[in-house]
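S.K.: Hey, dropping query_23.pdb in here, PDB, C-alpha atoms:
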ATOM      1  CA  GLY A   1     -12.231  -6.962   9.002
ATOM      2  CA  GLU A   2     -10.320  -3.775   9.566
ATOM      3  CA  LYS A   3     -11.514  -0.574   7.924
ATOM      4  CA  VAL A   4      -9.204   2.418   7.688
ATOM      5  CA  GLU A   5     -10.670   5.794   6.828
ATOM      6  CA  GLN A   6      -8.840   8.939   5.833
ATOM      7  CA  HIS A   7     -10.873  11.990   6.611
ATOM      8  CA  GLU A   8      -9.348  14.366   4.097
ATOM      9  CA  SER A   9      -9.365  13.395   0.446
ATOM     10  CA  THR A  10      -7.499  16.565  -0.473
ATOM     11  CA  LEU A  11      -5.491  19.048   1.569
ATOM     12  CA  SER A  12      -3.926  22.265   0.386
ATOM     13  CA  VAL A  13      -1.411  24.232   2.445
ATOM     14  CA  ARG A  14       1.053  27.052   1.884
ATOM     15  CA  GLU A  15       4.743  26.272   1.831
ATOM     16  CA  GLY A  16       6.127  26.480   5.345
ATOM     17  CA  ASP A  17       2.802  25.748   7.032
ATOM     18  CA  SER A  18       1.976  22.461   8.740
ATOM     19  CA  ALA A  19      -0.246  19.789   7.239
ATOM     20  CA  VAL A  20      -2.258  17.278   9.240
ATOM     21  CA  ILE A  21      -3.822  14.127   7.821
ATOM     22  CA  ASN A  22      -6.217  12.210  10.032
ATOM     23  CA  CYS A  23      -7.153   8.546   9.943
ATOM     24  CA  THR A  24      -9.372   6.262  11.964
ATOM     25  CA  TYR A  25      -9.469   2.499  12.212
ATOM     26  CA  THR A  26     -12.003  -0.001  13.489
ATOM     27  CA  ASP A  27     -10.138  -3.089  14.678
ATOM     28  CA  THR A  28      -8.910  -2.836  18.257
ATOM     29  CA  ALA A  29      -6.419  -5.590  17.438
ATOM     30  CA  SER A  30      -4.516  -3.301  15.057
ATOM     31  CA  SER A  31      -1.109  -2.504  16.464
ATOM     32  CA  TYR A  32       0.992  -1.248  13.568
ATOM     33  CA  PHE A  33       0.263   1.955  11.658
ATOM     34  CA  PRO A  34       2.479   2.841   8.696
ATOM     35  CA  TRP A  35       2.227   5.782   6.340
ATOM     36  CA  TYR A  36       3.111   5.704   2.668
ATOM     37  CA  LYS A  37       3.681   8.450   0.131
ATOM     38  CA  GLN A  38       2.901   8.249  -3.561
ATOM     39  CA  GLU A  39       4.272  10.949  -5.822
ATOM     40  CA  ALA A  40       2.674  11.593  -9.192
ATOM     41  CA  GLY A  41       3.258   8.727 -11.580
ATOM     42  CA  LYS A  42       5.245   6.722  -9.060
ATOM     43  CA  SER A  43       4.664   3.874  -6.684
ATOM     44  CA  LEU A  44       4.215   3.998  -2.932
ATOM     45  CA  HIS A  45       7.102   4.327  -0.584
ATOM     46  CA  PHE A  46       7.230   4.126   3.181
ATOM     47  CA  VAL A  47       7.632   7.349   5.134
ATOM     48  CA  ILE A  48       7.038   6.608   8.821
ATOM     49  CA  ASP A  49       5.257   4.191  11.106
ATOM     50  CA  ILE A  50       4.085   3.923  14.693
ATOM     51  CA  ARG A  51       3.356   0.927  16.869
ATOM     52  CA  SER A  52       0.725   0.724  19.552
ATOM     53  CA  ASN A  53       3.204   0.713  22.410
ATOM     54  CA  VAL A  54       3.832   4.453  21.894
ATOM     55  CA  ASP A  55       1.578   7.408  21.197
ATOM     56  CA  ARG A  56       4.019   9.680  19.383
ATOM     57  CA  LYS A  57       6.876   9.262  16.957
ATOM     58  CA  GLN A  58       8.915  11.855  15.109
ATOM     59  CA  SER A  59      11.261  11.612  12.174
ATOM     60  CA  GLN A  60      12.617  14.996  11.086
ATOM     61  CA  ARG A  61       9.597  16.992   9.862
ATOM     62  CA  LEU A  62       7.154  14.097  10.238
ATOM     63  CA  ILE A  63       5.227  13.434  13.449
ATOM     64  CA  VAL A  64       2.779  10.588  13.928
ATOM     65  CA  LEU A  65       0.297  10.612  16.792
ATOM     66  CA  LEU A  66      -1.717   7.603  17.904
ATOM     67  CA  ASP A  67      -4.826   7.688  20.119
ATOM     68  CA  LYS A  68      -5.720   4.068  20.803
ATOM     69  CA  LYS A  69      -8.810   4.927  22.809
ATOM     70  CA  ALA A  70     -10.314   6.864  19.947
ATOM     71  CA  LYS A  71      -8.822   4.507  17.350
ATOM     72  CA  ARG A  72      -7.374   7.498  15.613
ATOM     73  CA  PHE A  73      -3.943   8.365  14.248
ATOM     74  CA  SER A  74      -2.560  11.297  12.356
ATOM     75  CA  LEU A  75       0.415  12.431  10.309
ATOM     76  CA  HIS A  76       1.753  15.916  10.885
ATOM     77  CA  ILE A  77       4.140  17.395   8.343
ATOM     78  CA  THR A  78       5.817  20.520   9.647
ATOM     79  CA  ALA A  79       7.463  23.278   7.580
ATOM     80  CA  THR A  80       5.976  21.852   4.393
ATOM     81  CA  GLN A  81       7.906  22.053   1.141
ATOM     82  CA  PRO A  82       6.664  21.713  -2.450
ATOM     83  CA  GLU A  83       8.289  18.279  -2.663
ATOM     84  CA  ASP A  84       5.927  17.107   0.081
ATOM     85  CA  SER A  85       3.121  17.294  -2.485
ATOM     86  CA  ALA A  86       1.887  13.732  -3.023
ATOM     87  CA  ILE A  87      -0.831  11.301  -2.037
ATOM     88  CA  TYR A  88      -0.391  10.034   1.499
ATOM     89  CA  PHE A  89      -1.866   6.709   2.560
ATOM     90  CA  CYS A  90      -2.393   5.661   6.140
ATOM     91  CA  ALA A  91      -2.630   1.987   6.969
ATOM     92  CA  ALA A  92      -3.235  -0.404   9.830
ATOM     93  CA  SER A  93      -2.279  -3.954  10.561
ATOM     94  CA  ALA A  94      -2.994  -6.426  13.318
ATOM     95  CA  ASN A  95      -0.473  -8.983  14.497
ATOM     96  CA  SER A  96      -2.798 -11.847  13.897
ATOM     97  CA  ASN A  97      -2.910 -11.858  10.111
ATOM     98  CA  ASN A  98      -0.149  -9.553   8.861
ATOM     99  CA  ARG A  99      -2.400  -8.036   6.248
ATOM    100  CA  ILE A 100      -2.112  -4.268   5.875
ATOM    101  CA  PHE A 101      -5.313  -2.308   5.311
ATOM    102  CA  PHE A 102      -4.924   1.026   3.528
ATOM    103  CA  GLY A 103      -7.008   4.161   3.615
ATOM    104  CA  ASP A 104      -8.127   5.811   0.385
ATOM    105  CA  GLY A 105      -5.354   8.373   0.364
ATOM    106  CA  THR A 106      -5.088  12.124   0.902
ATOM    107  CA  GLN A 107      -3.841  14.344  -1.905
ATOM    108  CA  LEU A 108      -1.589  16.952  -0.310
ATOM    109  CA  VAL A 109      -0.795  20.055  -2.332
ATOM    110  CA  VAL A 110       1.857  22.423  -1.022
ATOM    111  CA  LYS A 111       1.603  25.783  -2.734
ATOM    112  CA  PRO A 112       4.754  27.915  -3.039
TER     113      PRO A 112
ATOM    114  CA  ASN B   1      19.703  -3.424  -4.191
ATOM    115  CA  ALA B   2      17.420  -3.099  -7.204
ATOM    116  CA  GLY B   3      14.211  -2.986  -5.212
ATOM    117  CA  VAL B   4      11.053  -4.865  -6.125
ATOM    118  CA  ILE B   5      10.951  -5.488  -9.852
ATOM    119  CA  GLN B   6       7.674  -5.822 -11.691
ATOM    120  CA  THR B   7       7.233  -6.782 -15.321
ATOM    121  CA  PRO B   8       5.755  -5.802 -17.632
ATOM    122  CA  ARG B   9       5.348  -2.157 -16.721
ATOM    123  CA  HIS B  10       2.496  -1.827 -19.182
ATOM    124  CA  LYS B  11       0.278  -4.463 -20.710
ATOM    125  CA  VAL B  12      -2.648  -4.059 -23.058
ATOM    126  CA  THR B  13      -4.922  -7.033 -23.638
ATOM    127  CA  GLY B  14      -8.153  -7.638 -25.432
ATOM    128  CA  LYS B  15     -11.221  -8.685 -23.504
ATOM    129  CA  GLY B  16     -11.149 -12.413 -22.838
ATOM    130  CA  GLN B  17      -7.394 -12.792 -23.124
ATOM    131  CA  GLU B  18      -5.047 -13.884 -20.377
ATOM    132  CA  ALA B  19      -2.582 -11.624 -18.595
ATOM    133  CA  THR B  20       0.351 -12.706 -16.449
ATOM    134  CA  LEU B  21       2.217 -10.260 -14.260
ATOM    135  CA  TRP B  22       5.567 -10.967 -12.648
ATOM    136  CA  CYS B  23       7.150  -9.760  -9.462
ATOM    137  CA  GLU B  24      10.694 -10.214  -8.196
ATOM    138  CA  PRO B  25      10.863  -9.327  -4.492
ATOM    139  CA  ILE B  26      13.891  -7.899  -2.782
ATOM    140  CA  SER B  27      16.380 -10.655  -2.063
ATOM    141  CA  GLY B  28      15.983 -11.959   1.467
ATOM    142  CA  HIS B  29      12.453 -10.679   1.944
ATOM    143  CA  SER B  30      10.111 -13.373   3.190
ATOM    144  CA  ALA B  31       6.740 -11.798   2.437
ATOM    145  CA  VAL B  32       5.223 -10.815  -0.905
ATOM    146  CA  PHE B  33       1.976  -8.881  -1.288
ATOM    147  CA  TRP B  34      -0.134  -8.096  -4.325
ATOM    148  CA  TYR B  35      -2.390  -5.033  -4.423
ATOM    149  CA  ARG B  36      -4.532  -3.486  -7.134
ATOM    150  CA  GLN B  37      -4.882   0.277  -7.457
ATOM    151  CA  THR B  38      -7.617   2.134  -9.303
ATOM    152  CA  ILE B  39      -8.941   5.652  -8.964
ATOM    153  CA  VAL B  40     -12.396   4.382  -8.036
ATOM    154  CA  GLN B  41     -11.491   1.574  -5.602
ATOM    155  CA  GLY B  42      -8.184   2.881  -4.294
ATOM    156  CA  LEU B  43      -5.708   0.306  -2.997
ATOM    157  CA  GLU B  44      -7.217  -3.167  -2.843
ATOM    158  CA  PHE B  45      -5.437  -6.052  -1.178
ATOM    159  CA  LEU B  46      -5.351  -9.166  -3.341
ATOM    160  CA  THR B  47      -3.109 -11.801  -1.820
ATOM    161  CA  TYR B  48      -0.053 -12.421   0.356
ATOM    162  CA  PHE B  49       2.708 -15.045   0.557
ATOM    163  CA  ARG B  50       5.155 -15.715   3.326
ATOM    164  CA  ASN B  51       8.143 -17.943   2.665
ATOM    165  CA  GLN B  52       6.468 -18.830  -0.647
ATOM    166  CA  ALA B  53       3.349 -20.202   1.052
ATOM    167  CA  PRO B  54      -0.003 -18.541   0.378
ATOM    168  CA  ILE B  55      -1.235 -16.959   3.603
ATOM    169  CA  ASP B  56      -4.229 -14.842   2.719
ATOM    170  CA  ASP B  57      -5.935 -14.651  -0.669
ATOM    171  CA  SER B  58      -9.179 -13.165   0.591
ATOM    172  CA  GLY B  59      -8.908 -10.198  -1.752
ATOM    173  CA  MET B  60      -8.606 -12.258  -4.907
ATOM    174  CA  PRO B  61     -11.596 -12.453  -7.239
ATOM    175  CA  LYS B  62     -12.117 -16.186  -7.063
ATOM    176  CA  GLU B  63     -12.901 -17.209 -10.579
ATOM    177  CA  ARG B  64     -10.329 -15.640 -12.873
ATOM    178  CA  PHE B  65      -7.444 -14.565 -10.654
ATOM    179  CA  SER B  66      -4.661 -16.779  -9.391
ATOM    180  CA  ALA B  67      -1.286 -16.114  -7.819
ATOM    181  CA  GLN B  68       1.709 -18.303  -7.283
ATOM    182  CA  MET B  69       5.137 -18.070  -5.772
ATOM    183  CA  PRO B  70       7.101 -21.026  -7.153
ATOM    184  CA  ASN B  71      10.389 -19.882  -5.636
ATOM    185  CA  GLN B  72      11.687 -17.152  -3.349
ATOM    186  CA  SER B  73      12.750 -14.964  -6.223
ATOM    187  CA  HIS B  74       9.492 -14.458  -8.037
ATOM    188  CA  SER B  75       5.724 -14.398  -7.818
ATOM    189  CA  THR B  76       3.153 -14.306 -10.593
ATOM    190  CA  LEU B  77      -0.380 -12.991 -10.798
ATOM    191  CA  LYS B  78      -2.445 -14.492 -13.572
ATOM    192  CA  ILE B  79      -5.755 -13.122 -14.776
ATOM    193  CA  GLN B  80      -7.759 -15.330 -17.101
ATOM    194  CA  SER B  81     -10.434 -14.090 -19.444
ATOM    195  CA  THR B  82      -9.621 -10.462 -18.683
ATOM    196  CA  GLN B  83     -12.453  -7.970 -18.452
ATOM    197  CA  PRO B  84     -12.368  -4.152 -18.797
ATOM    198  CA  GLN B  85     -12.980  -3.834 -15.040
ATOM    199  CA  ASP B  86      -9.650  -5.611 -14.458
ATOM    200  CA  SER B  87      -7.873  -2.540 -15.803
ATOM    201  CA  ALA B  88      -5.740  -1.222 -12.969
ATOM    202  CA  VAL B  89      -2.207  -0.817 -11.733
ATOM    203  CA  TYR B  90      -1.149  -4.036 -10.050
ATOM    204  CA  LEU B  91       1.378  -3.439  -7.298
ATOM    205  CA  CYS B  92       3.685  -5.990  -5.782
ATOM    206  CA  ALA B  93       5.405  -5.354  -2.468
ATOM    207  CA  SER B  94       7.817  -7.310  -0.331
ATOM    208  CA  SER B  95       8.853  -7.086   3.275
ATOM    209  CA  LEU B  96      11.281  -8.759   5.619
ATOM    210  CA  ASP B  97       8.880  -9.980   8.247
ATOM    211  CA  GLY B  98       5.337  -9.563   7.032
ATOM    212  CA  GLY B  99       2.927  -6.663   7.134
ATOM    213  CA  ASP B 100       2.672  -6.192  10.847
ATOM    214  CA  THR B 101       6.349  -6.014  11.681
ATOM    215  CA  GLY B 102       8.050  -4.180   8.882
ATOM    216  CA  GLN B 103       7.619  -1.788   6.051
ATOM    217  CA  LEU B 104       6.502  -2.777   2.593
ATOM    218  CA  TYR B 105       8.729  -2.059  -0.378
ATOM    219  CA  PHE B 106       6.588  -1.522  -3.451
ATOM    220  CA  GLY B 107       7.494  -2.113  -7.049
ATOM    221  CA  GLU B 108       6.691   0.441  -9.730
ATOM    222  CA  GLY B 109       3.585  -1.494 -10.698
ATOM    223  CA  SER B 110       2.215  -3.161 -13.794
ATOM    224  CA  LYS B 111      -0.435  -1.117 -15.544
ATOM    225  CA  LEU B 112      -2.977  -3.437 -17.152
ATOM    226  CA  THR B 113      -5.375  -2.068 -19.733
ATOM    227  CA  VAL B 114      -8.129  -4.351 -20.982
ATOM    228  CA  LEU B 115      -9.785  -3.101 -24.139
TER     229      LEU B 115
END
What is this structure when it is put down as structure tokens?
M.R.:
Amino acid sequence: GEKVEQHESTLSVREGDSAVINCTYTDTASSYFPWYKQEAGKSLHFVIDIRSNVDRKQSQRLIVLLDKKAKRFSLHITATQPEDSAIYFCAASANSNNRIFFGDGTQLVVKP
Amino acid sequence: NAGVIQTPRHKVTGKGQEATLWCEPISGHSAVFWYRQTIVQGLEFLTYFRNQAPIDDSGMPKERFSAQMPNQSHSTLKIQSTQPQDSAVYLCASSLDGGDTGQLYFGEGSKLTVL
């Protein structure tokens, strides 16, 4: 089955800098790549997604890039703020089975 | 819209006892997912229903875990003969169309502690 790997387990940046979280996947059939955020003591909530028919998507300060050839996708958070501090999970899903496979999460710390 | 509701939020059981966790998906959502989250294993997929029918239970430990969705407004996850390694936060999520076409809305989770 699909295996999603997040390369950074922790990431620390200064407020105002950009943060980049990288993920890879194994199943070429995967076509949907969502990102979720989990703040301390809370559950996951959706932040942004990208589908395989595009290679870039932006929503305010969040940019997702997808490289299908390399089976790699990344989340870029620009102009980071302390409230961006959280665990970010990347995920992948193929149309065939609707199951979403999650990475292990990246702890992002934004220092004031 | 109250979101996905999970009860109980916290449950403590003794080893060998049974635990039942409940999930009320967002009204109108057709898919319900159960995940388990621990520090060591991360987010583990357990099972998934669409329109109340079980679609994929490949993540469920076969012997002691069972899940049902008797109607569109709730799903249950039952763990028999609980073991300390079952201690985790159990997350329920619902979505409109299923995991490949729409976002998941997660509940706050049920934290199970098995002593």
S.K.: Of the candidates B:Gln41, B:Thr76, B:Ser58, B:Ser81, which one gets nearest to A:Phe102 if we count all atoms listed in the file?
M.R.: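 The closest residue to A:Phe102 is B:Gln41.
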S.K.: Listing only residues of chain B within 10 Å of chain A, what is the closest atom pair and its distance in Å (to one decimal) for each, using all atoms listed in the file, sorted by chain and residue number ascending, as a Markdown table?
M.R.:
| residue | atom | partner | partner_atom | distance |
| --- | --- | --- | --- | --- |
| B:Ala31 | CA | A:Asn98 | CA | 9.7 |
| B:Phe33 | CA | A:Arg99 | CA | 8.8 |
| B:Ile39 | CA | A:Asp104 | CA | 9.4 |
| B:Val40 | CA | A:Asp104 | CA | 9.5 |
| B:Gln41 | CA | A:Asp104 | CA | 8.1 |
| B:Gly42 | CA | A:Asp104 | CA | 5.5 |
| B:Leu43 | CA | A:Phe102 | CA | 6.6 |
| B:Glu44 | CA | A:Phe102 | CA | 8.0 |
| B:Phe45 | CA | A:Phe101 | CA | 7.5 |
| B:Thr47 | CA | A:Arg99 | CA | 8.9 |
| B:Tyr48 | CA | A:Arg99 | CA | 7.7 |
| B:Arg50 | CA | A:Asn98 | CA | 9.8 |
| B:Ile55 | CA | A:Asn97 | CA | 8.4 |
| B:Asp56 | CA | A:Arg99 | CA | 7.9 |
| B:Val89 | CA | A:Ser43 | CA | 9.7 |
| B:Leu91 | CA | A:Ser43 | CA | 8.0 |
| B:Cys92 | CA | A:Ser43 | CA | 10.0 |
| B:Ala93 | CA | A:Leu44 | CA | 9.4 |
| B:Asp97 | CA | A:Asn98 | CA | 9.1 |
| B:Gly98 | CA | A:Asn98 | CA | 5.8 |
| B:Gly99 | CA | A:Asn98 | CA | 4.6 |
| B:Asp100 | CA | A:Asn98 | CA | 4.8 |
| B:Thr101 | CA | A:Tyr32 | CA | 7.4 |
| B:Gly102 | CA | A:Pro34 | CA | 9.0 |
| B:Gln103 | CA | A:Phe46 | CA | 6.6 |
| B:Leu104 | CA | A:Phe46 | CA | 7.0 |
| B:Tyr105 | CA | A:His45 | CA | 6.6 |
| B:Phe106 | CA | A:Leu44 | CA | 6.0 |
| B:Gly107 | CA | A:Ser43 | CA | 6.6 |
| B:Glu108 | CA | A:Ser43 | CA | 5.0 |
| B:Gly109 | CA | A:Ser43 | CA | 6.8 |
S.K.: What's the 9 Å shell around A:Gln81, counting all atoms listed in the file, without same-chain residues fewer than 2 positions away, as a PyMOL selection string?
M.R.: chain A and resi 14-17+78-79+83-85+110-112
S.K.: Considering all atoms listed in the file, return as a list of chain:residue names whatever protein or nucleic-acid residues lie within 9 Å of A:Lys71, sequence-local ones (same chain, fewer than 4 positions apart) excluded.
M.R.: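 Surrounding residues, per the criterion: A:Cys23, A:Thr24, A:Tyr25, A:Thr26, A:Asp27, A:Thr28, A:Leu66, A:Asp67.
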S.K.: Please, what distance in Å, to one decimal, runs between atom CA of B:Cys23 and atom CA of B:Phe49?
M.R.: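 Value for the atom CA of B:Cys23-atom CA of B:Phe49 distance: 12.2 Å.
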S.K.: Just the number, please: distance in Å from atom CA of A:Lys3 to atom CA of B:Met60, one decimal.
M.R.: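 So the two atoms, atom CA of A:Lys3 and atom CA of B:Met60, lie 17.6 Å apart.
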S.K.: What does the PyMOL selection byres ((chain B and resi 66-75) around 10) select in this file, as a ChimeraX atom specification?
M.R.: /B:4-6,20-34,46-54,57,60-65,76-80,92
S.K.: Let's have the selection written as a JSON list (two decimals), in the frame of the given file, with C-alpha atoms.
M.R.:
[["chain", "number", "residue", "atom", "x", "y", "z"],
["B", 4, "VAL", "CA", 11.05, -4.86, -6.12],
["B", 5, "ILE", "CA", 10.95, -5.49, -9.85],
["B", 6, "GLN", "CA", 7.67, -5.82, -11.69],
["B", 20, "THR", "CA", 0.35, -12.71, -16.45],
["B", 21, "LEU", "CA", 2.22, -10.26, -14.26],
["B", 22, "TRP", "CA", 5.57, -10.97, -12.65],
["B", 23, "CYS", "CA", 7.15, -9.76, -9.46],
["B", 24, "GLU", "CA", 10.69, -10.21, -8.20],
["B", 25, "PRO", "CA", 10.86, -9.33, -4.49],
["B", 26, "ILE", "CA", 13.89, -7.90, -2.78],
["B", 27, "SER", "CA", 16.38, -10.66, -2.06],
["B", 28, "GLY", "CA", 15.98, -11.96, 1.47],
["B", 29, "HIS", "CA", 12.45, -10.68, 1.94],
["B", 30, "SER", "CA", 10.11, -13.37, 3.19],
["B", 31, "ALA", "CA", 6.74, -11.80, 2.44],
["B", 32, "VAL", "CA", 5.22, -10.82, -0.90],
["B", 33, "PHE", "CA", 1.98, -8.88, -1.29],
["B", 34, "TRP", "CA", -0.13, -8.10, -4.32],
["B", 46, "LEU", "CA", -5.35, -9.17, -3.34],
["B", 47, "THR", "CA", -3.11, -11.80, -1.82],
["B", 48, "TYR", "CA", -0.05, -12.42, 0.36],
["B", 49, "PHE", "CA", 2.71, -15.04, 0.56],
["B", 50, "ARG", "CA", 5.16, -15.72, 3.33],
["B", 51, "ASN", "CA", 8.14, -17.94, 2.66],
["B", 52, "GLN", "CA", 6.47, -18.83, -0.65],
["B", 53, "ALA", "CA", 3.35, -20.20, 1.05],
["B", 54, "PRO", "CA", 0.00, -18.54, 0.38],
["B", 57, "ASP", "CA", -5.94, -14.65, -0.67],
["B", 60, "MET", "CA", -8.61, -12.26, -4.91],
["B", 61, "PRO", "CA", -11.60, -12.45, -7.24],
["B", 62, "LYS", "CA", -12.12, -16.19, -7.06],
["B", 63, "GLU", "CA", -12.90, -17.21, -10.58],
["B", 64, "ARG", "CA", -10.33, -15.64, -12.87],
["B", 65, "PHE", "CA", -7.44, -14.56, -10.65],
["B", 76, "THR", "CA", 3.15, -14.31, -10.59],
["B", 77, "LEU", "CA", -0.38, -12.99, -10.80],
["B", 78, "LYS", "CA", -2.44, -14.49, -13.57],
["B", 79, "ILE", "CA", -5.76, -13.12, -14.78],
["B", 80, "GLN", "CA", -7.76, -15.33, -17.10],
["B", 92, "CYS", "CA", 3.68, -5.99, -5.78]]
S.K.: Calculate how many Å separate atom CA of B:Thr113 from atom CA of A:Thr10, rounding to one decimal.
M.R.: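 Calculated distance between atom CA of B:Thr113 and atom CA of A:Thr10 is 26.9 Å.
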S.K.: Could you list the residues chosen by the PyMOL selection byres ((chain B and resi 83) around 10) in this structure as a PyMOL selection string?
M.R.: chain B and resi 13-18+64+79-82+84-87+113-115
S.K.: Residues within 7 Å of A:Asn22, please, as a list in words. Count all atoms listed in the file; anything in the same chain fewer than 6 positions from it doesn't count.
M.R.: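 Neighbouring residues, sequence-local ones excluded: Gln6, His7, Phe73, Ser74 and Leu75 of chain A.
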S.K.: Need the shell around B:Tyr90: protein/DNA/RNA residues with any atom at most 7 Å away, counting only C-alpha atoms. Skip same-chain ones fewer than 5 positions apart. Format as a count of residues only?
M.R.: 6
S.K.: List every protein, DNA or RNA residue that has an atom no more than 6 Å from (0.2, 16.0, -5.4) in the file's coordinate frame, counting only C-alpha atoms, and report them as a PyMOL selection string.
M.R.: chain A and resi 85-87+107-109
S.K.: How about completing stretch 50-70 of chain B with N, CA and C atoms and giving it to me as a PDB file, keeping the file's coordinate frame?
M.R.:
ATOM      1  N   ARG B  50       4.028 -15.776   2.399  1.00  0.00           N
ATOM      2  CA  ARG B  50       5.155 -15.715   3.326  1.00  0.00           C
ATOM      3  C   ARG B  50       5.966 -16.979   3.144  1.00  0.00           C
ATOM      4  N   ASN B  51       7.265 -16.794   2.945  1.00  0.00           N
ATOM      5  CA  ASN B  51       8.143 -17.943   2.665  1.00  0.00           C
ATOM      6  C   ASN B  51       7.539 -18.841   1.576  1.00  0.00           C
ATOM      7  N   GLN B  52       7.042 -18.218   0.557  1.00  0.00           N
ATOM      8  CA  GLN B  52       6.468 -18.830  -0.647  1.00  0.00           C
ATOM      9  C   GLN B  52       5.104 -19.461  -0.427  1.00  0.00           C
ATOM     10  N   ALA B  53       4.646 -19.576   0.798  1.00  0.00           N
ATOM     11  CA  ALA B  53       3.349 -20.202   1.052  1.00  0.00           C
ATOM     12  C   ALA B  53       2.243 -19.158   1.017  1.00  0.00           C
ATOM     13  N   PRO B  54       1.127 -19.483   0.368  1.00  0.00           N
ATOM     14  CA  PRO B  54      -0.003 -18.541   0.378  1.00  0.00           C
ATOM     15  C   PRO B  54      -0.595 -18.432   1.778  1.00  0.00           C
ATOM     16  N   ILE B  55      -0.740 -17.188   2.253  1.00  0.00           N
ATOM     17  CA  ILE B  55      -1.235 -16.959   3.603  1.00  0.00           C
ATOM     18  C   ILE B  55      -2.662 -16.439   3.604  1.00  0.00           C
ATOM     19  N   ASP B  56      -2.926 -15.511   2.710  1.00  0.00           N
ATOM     20  CA  ASP B  56      -4.229 -14.842   2.719  1.00  0.00           C
ATOM     21  C   ASP B  56      -4.537 -14.440   1.286  1.00  0.00           C
ATOM     22  N   ASP B  57      -5.543 -15.044   0.689  1.00  0.00           N
ATOM     23  CA  ASP B  57      -5.935 -14.651  -0.669  1.00  0.00           C
ATOM     24  C   ASP B  57      -7.354 -14.115  -0.675  1.00  0.00           C
ATOM     25  N   SER B  58      -7.785 -13.584   0.442  1.00  0.00           N
ATOM     26  CA  SER B  58      -9.179 -13.165   0.591  1.00  0.00           C
ATOM     27  C   SER B  58      -9.565 -12.016  -0.325  1.00  0.00           C
ATOM     28  N   GLY B  59      -8.586 -11.302  -0.863  1.00  0.00           N
ATOM     29  CA  GLY B  59      -8.908 -10.198  -1.752  1.00  0.00           C
ATOM     30  C   GLY B  59      -8.968 -10.584  -3.219  1.00  0.00           C
ATOM     31  N   MET B  60      -8.659 -11.819  -3.513  1.00  0.00           N
ATOM     32  CA  MET B  60      -8.606 -12.258  -4.907  1.00  0.00           C
ATOM     33  C   MET B  60      -9.997 -12.574  -5.438  1.00  0.00           C
ATOM     34  N   PRO B  61     -10.381 -11.982  -6.566  1.00  0.00           N
ATOM     35  CA  PRO B  61     -11.596 -12.453  -7.239  1.00  0.00           C
ATOM     36  C   PRO B  61     -11.424 -13.935  -7.551  1.00  0.00           C
ATOM     37  N   LYS B  62     -12.367 -14.752  -7.113  1.00  0.00           N
ATOM     38  CA  LYS B  62     -12.117 -16.186  -7.063  1.00  0.00           C
ATOM     39  C   LYS B  62     -12.009 -16.849  -8.425  1.00  0.00           C
ATOM     40  N   GLU B  63     -12.766 -16.407  -9.364  1.00  0.00           N
ATOM     41  CA  GLU B  63     -12.901 -17.209 -10.579  1.00  0.00           C
ATOM     42  C   GLU B  63     -11.765 -17.039 -11.572  1.00  0.00           C
ATOM     43  N   ARG B  64     -11.267 -15.862 -11.763  1.00  0.00           N
ATOM     44  CA  ARG B  64     -10.329 -15.640 -12.873  1.00  0.00           C
ATOM     45  C   ARG B  64      -8.926 -15.277 -12.423  1.00  0.00           C
ATOM     46  N   PHE B  65      -8.749 -15.007 -11.147  1.00  0.00           N
ATOM     47  CA  PHE B  65      -7.444 -14.565 -10.654  1.00  0.00           C
ATOM     48  C   PHE B  65      -6.750 -15.706  -9.914  1.00  0.00           C
ATOM     49  N   SER B  66      -5.453 -15.824 -10.157  1.00  0.00           N
ATOM     50  CA  SER B  66      -4.661 -16.779  -9.391  1.00  0.00           C
ATOM     51  C   SER B  66      -3.265 -16.208  -9.207  1.00  0.00           C
ATOM     52  N   ALA B  67      -2.647 -16.572  -8.097  1.00  0.00           N
ATOM     53  CA  ALA B  67      -1.286 -16.114  -7.819  1.00  0.00           C
ATOM     54  C   ALA B  67      -0.461 -17.285  -7.340  1.00  0.00           C
ATOM     55  N   GLN B  68       0.800 -17.249  -7.704  1.00  0.00           N
ATOM     56  CA  GLN B  68       1.709 -18.303  -7.283  1.00  0.00           C
ATOM     57  C   GLN B  68       3.039 -17.698  -6.880  1.00  0.00           C
ATOM     58  N   MET B  69       3.769 -18.458  -6.089  1.00  0.00           N
ATOM     59  CA  MET B  69       5.137 -18.070  -5.772  1.00  0.00           C
ATOM     60  C   MET B  69       5.972 -19.350  -5.813  1.00  0.00           C
ATOM     61  N   PRO B  70       6.406 -19.744  -6.993  1.00  0.00           N
ATOM     62  CA  PRO B  70       7.101 -21.026  -7.153  1.00  0.00           C
ATOM     63  C   PRO B  70       8.477 -21.066  -6.509  1.00  0.00           C
TER      64      PRO B  70
END
